[in-house]
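Chemist: Before we start, here is the structure in question, set down as structure tokens.
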Amino acid sequence: MTYNNFKKDLSVIILCGGRGERLKPITNNIPKPLIKIGGQEILGYILNHLQSYNIQHSSVLTGYKQKKIHNFISNNFKKNVSCFYTGQKIDIISRIKKSLKFQKKYILICYGDTLLDISIDKLIKFHLKNRKLPTMSIHETKTNFGVVKFNKKGLVTNFLEKPKLNLWINVGYFIFEREHLKKLCNKFKSFKNLLDNLGGKKKKKAIKHEGNHITINTALELEKKKKKIKNFKKK
């Protein structure tokens, strides 16, 4: 399988069905993927990023405030992007199952509330080296606090201001083969259980993303990330 052939058989699923409960009252009137950072909607950044790699088939799976997302897609992304209403208050795995018959042989899944300036080319090439296993992207965490080490007498032996923790978090951008994903969706009741199972049995590979990562869960985080988006846009 060559890179170009793989890309022709690749569909993207963008998960945009959640209610964004922790971002209320902002999300009382607008779905989380349509929140603006730096003058552009989160979903707009994601779709523009994918299209910069010539991705030809993207499905946006909606739930909460689905009409607003549909209108946004209709007005801004007329080609190669489809909306699928997948219901309210259901698990990610159920949303994916409802859309599988419309997808191509290979599927890239990403979260509709997470910005990642990941190289889609590198992601695909990494996956092609490990095609028997699903791929997920991970990012190293960094604390916003100073980390202190001290001895039994209370003397500080080391101090690091806001260090990286050598702990890596899931930031989405998964690649699956459709038929394998279909079997997994039928086997597990939640997307979390699916990921936990694959990780516990060493049945997935992780690619490190060391660039920019923006996830927004609270109104305070939203204000902080408005500054960080400038670095994201430069990539």
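Following the order of the structure tokens, chains are lettered A, B, ..., residues in each are numbered from 1, and ligands are numbered from 1.
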Could the residues of region 197-223 of chain A that have an atom at most 6 Å from region 98-121 of chain A be listed as JSON lines, each with its closest atom pair and the distance in Å to one decimal, counting only C-alpha atoms and ordered by chain and ascending residue number?
Modeler:
{"residue": "A:Asn212", "atom": "CA", "partner": "A:Asp117", "partner_atom": "CA", "distance": 5.8}
{"residue": "A:His213", "atom": "CA", "partner": "A:Leu116", "partner_atom": "CA", "distance": 4.8}
{"residue": "A:Ile214", "atom": "CA", "partner": "A:Leu115", "partner_atom": "CA", "distance": 4.9}
{"residue": "A:Thr215", "atom": "CA", "partner": "A:Thr114", "partner_atom": "CA", "distance": 4.7}
Chemist: Output N, CA and C atoms for every residue in the selection just made, as a CSV table (one decimal), in the first residue's frame.
Modeler:
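In the end it all went to part-v4.csv:
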chain,number,residue,atom,x,y,z
A,212,ASN,N,1.9,22.2,18.5
A,212,ASN,CA,0.9,22.8,19.3
A,212,ASN,C,-0.3,22.0,19.5
A,213,HIS,N,-0.9,22.1,20.7
A,213,HIS,CA,-2.1,21.4,21.1
A,213,HIS,C,-3.0,22.3,21.9
A,214,ILE,N,-4.2,22.4,21.4
A,214,ILE,CA,-5.2,23.3,22.2
A,214,ILE,C,-6.5,22.5,22.4
A,215,THR,N,-6.8,22.3,23.6
A,215,THR,CA,-8.1,21.7,24.0
A,215,THR,C,-8.7,22.7,25.0
Chemist: Excluding Val60 (chain A) and its own-chain neighbours fewer than 3 positions away, which residues fall within 8 Å of it when counting only C-alpha atoms? Please give them as JSON, numbers by chain.
Modeler: {"A": [13, 14, 15, 16, 81, 82, 83, 84]}
Chemist: For region 161-168 of chain A, find every residue with an atom within 9 Å (counting only C-alpha atoms), except residues of its own chain fewer than 6 positions away, and show them as a list in words.
Modeler: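 The contact residues come out as Ile138, His139, Glu140, Thr141, Lys142, Thr143, Asn144, Phe145, Gly146, Val147, Val148 and Lys208 of chain A.
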Chemist: Just to be explicit: take each residue in the selection above, keep N, CA and C atoms, and write the result as a short mmCIF file (atom, residue, chain, number, x, y, z; two decimals), in the first residue's frame.
Modeler:
data_model
loop_
_atom_site.label_atom_id
_atom_site.label_comp_id
_atom_site.auth_asym_id
_atom_site.auth_seq_id
_atom_site.Cartn_x
_atom_site.Cartn_y
_atom_site.Cartn_z
N ILE A 138 -0.43 11.30 20.49
CA ILE A 138 -0.28 11.65 21.91
C ILE A 138 0.56 12.91 22.04
N HIS A 139 0.38 13.61 23.16
CA HIS A 139 1.08 14.87 23.39
C HIS A 139 1.56 14.91 24.84
N GLU A 140 2.77 15.42 25.06
CA GLU A 140 3.34 15.45 26.41
C GLU A 140 2.71 16.56 27.24
N THR A 141 2.36 16.21 28.47
CA THR A 141 1.73 17.19 29.35
C THR A 141 2.77 18.07 30.03
N LYS A 142 2.32 19.27 30.40
CA LYS A 142 3.17 20.23 31.10
C LYS A 142 2.35 20.84 32.22
N THR A 143 2.91 20.92 33.41
CA THR A 143 2.19 21.48 34.53
C THR A 143 2.31 23.00 34.55
N ASN A 144 1.29 23.66 35.07
CA ASN A 144 1.32 25.12 35.21
C ASN A 144 1.90 25.55 36.54
N PHE A 145 2.46 24.60 37.28
CA PHE A 145 3.01 24.88 38.60
C PHE A 145 4.49 24.51 38.66
N GLY A 146 5.18 25.09 39.63
CA GLY A 146 6.56 24.70 39.88
C GLY A 146 6.58 23.38 40.64
N VAL A 147 7.45 22.46 40.23
CA VAL A 147 7.55 21.15 40.87
C VAL A 147 8.74 21.13 41.81
N VAL A 148 8.50 20.74 43.06
CA VAL A 148 9.52 20.78 44.10
C VAL A 148 9.86 19.37 44.56
N LYS A 208 4.00 10.41 18.63
CA LYS A 208 4.19 11.60 19.46
C LYS A 208 3.98 12.86 18.63
#
Chemist: I want to know what sits within 12 Å of Asn193 (chain A), based on only C-alpha atoms, with residues of the same chain fewer than 6 positions away left out; could you give that as a CSV table (one decimal) with N, CA and C atoms, in the first residue's frame?
Modeler:
chain,number,residue,atom,x,y,z
A,91,ASP,N,-23.1,7.9,23.2
A,91,ASP,CA,-21.6,7.7,23.3
A,91,ASP,C,-21.0,7.9,21.9
A,92,ILE,N,-19.8,8.2,21.9
A,92,ILE,CA,-19.0,8.4,20.6
A,92,ILE,C,-19.1,7.1,19.8
A,93,ILE,N,-19.0,6.0,20.4
A,93,ILE,CA,-19.0,4.8,19.6
A,93,ILE,C,-20.3,4.6,18.8
A,184,LEU,N,-14.8,-3.6,16.3
A,184,LEU,CA,-14.6,-3.0,17.7
A,184,LEU,C,-15.9,-2.3,18.2
A,185,CYS,N,-16.5,-1.6,17.3
A,185,CYS,CA,-17.7,-0.8,17.7
A,185,CYS,C,-18.9,-1.8,18.1
A,186,ASN,N,-18.9,-2.9,17.5
A,186,ASN,CA,-19.9,-3.9,17.8
A,186,ASN,C,-19.5,-4.7,19.1
A,187,LYS,N,-18.3,-4.6,19.5
A,187,LYS,CA,-17.8,-5.4,20.7
A,187,LYS,C,-17.9,-4.5,21.9
A,199,GLY,N,-5.3,-0.5,24.4
A,199,GLY,CA,-4.1,-0.1,25.1
A,199,GLY,C,-3.6,-1.2,26.0
A,200,GLY,N,-4.6,-1.7,26.8
A,200,GLY,CA,-4.2,-2.8,27.7
A,200,GLY,C,-3.7,-4.0,27.1
Chemist: Measuring between only C-alpha atoms, which one of A:Lys65, A:Lys203, A:Arg19, A:Lys129 shows the shortest distance to His180 (chain A)?
Modeler: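 Of all the options, A:Lys203 lies closest to His180 (chain A).
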Chemist: Taking only C-alpha atoms into account, which of A:Ile37, A:Val171, A:Ile90, A:Leu23 comes nearest Lys228 (chain A)?
Modeler: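 The closest residue to Lys228 (chain A) is A:Ile37.
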Chemist: For Tyr3 (chain A), which residue among A:Gly211, A:Lys32, A:Phe126, A:Leu194 is the nearest when counting only C-alpha atoms?
Modeler: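 Of the candidates, the smallest distance to Tyr3 (chain A) is held by A:Phe126.
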Chemist: If I take CA of Leu50 (chain A) and CA of Gly172 (chain A), how far is one from the other in Å, to one decimal?
Modeler: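 We find that CA of Leu50 (chain A) and CA of Gly172 (chain A) lie 13.9 Å from each other.
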Chemist: Out of A:Leu133, A:Met1, A:Thr62, A:Gly39, which residue has the shortest atom-to-atom distance to Lys201 (chain A) when counting only C-alpha atoms?
Modeler: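 Once distances to Lys201 (chain A) are computed over only C-alpha atoms, the minimum belongs to A:Leu133.
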Chemist: Which residue, A:Ile46, A:Ile169, A:Ile73, A:Leu123, has the smallest gap to Ile207 (chain A) when you use only C-alpha atoms?
Modeler: A:Leu123
Chemist: Have a look at CA of Val12 (chain A) and CA of Ser58 (chain A) and let me know their distance in Å, one decimal.
Modeler: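 We find that CA of Val12 (chain A) and CA of Ser58 (chain A) lie 4.5 Å from each other.
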Chemist: Report as an NGL selection string: the residues of region 35-223 of chain A with a DSSP assignment of helix (DSSP H, G or I), based on the backbone of this structure.
Modeler: :A and (42-51 or 66-76 or 92-102 or 120-129 or 178-187 or 191-200 or 219-223)
Chemist: Run DSSP on the backbone of this structure and report the residues of region 5-124 of chain A it assigns to strand (DSSP E or B), as a VMD selection string.
Modeler: chain A and resid 10 to 16 36 to 37 40 to 41 58 to 63 65 81 to 85 106 to 111 114 to 116
Chemist: What is the distance, in Å and to one decimal place, between CA of Ile30 (chain A) and CA of Phe77 (chain A)?
Modeler: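 One can read the CA of Ile30 (chain A) to CA of Phe77 (chain A) distance as 18.7 Å.
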Chemist: Quick one: of A:Asn151, A:Ser52, A:Ser137, A:Ser190, who's nearest to His209 (chain A), counting only C-alpha atoms?
Modeler: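 Closest candidate: A:Ser137.
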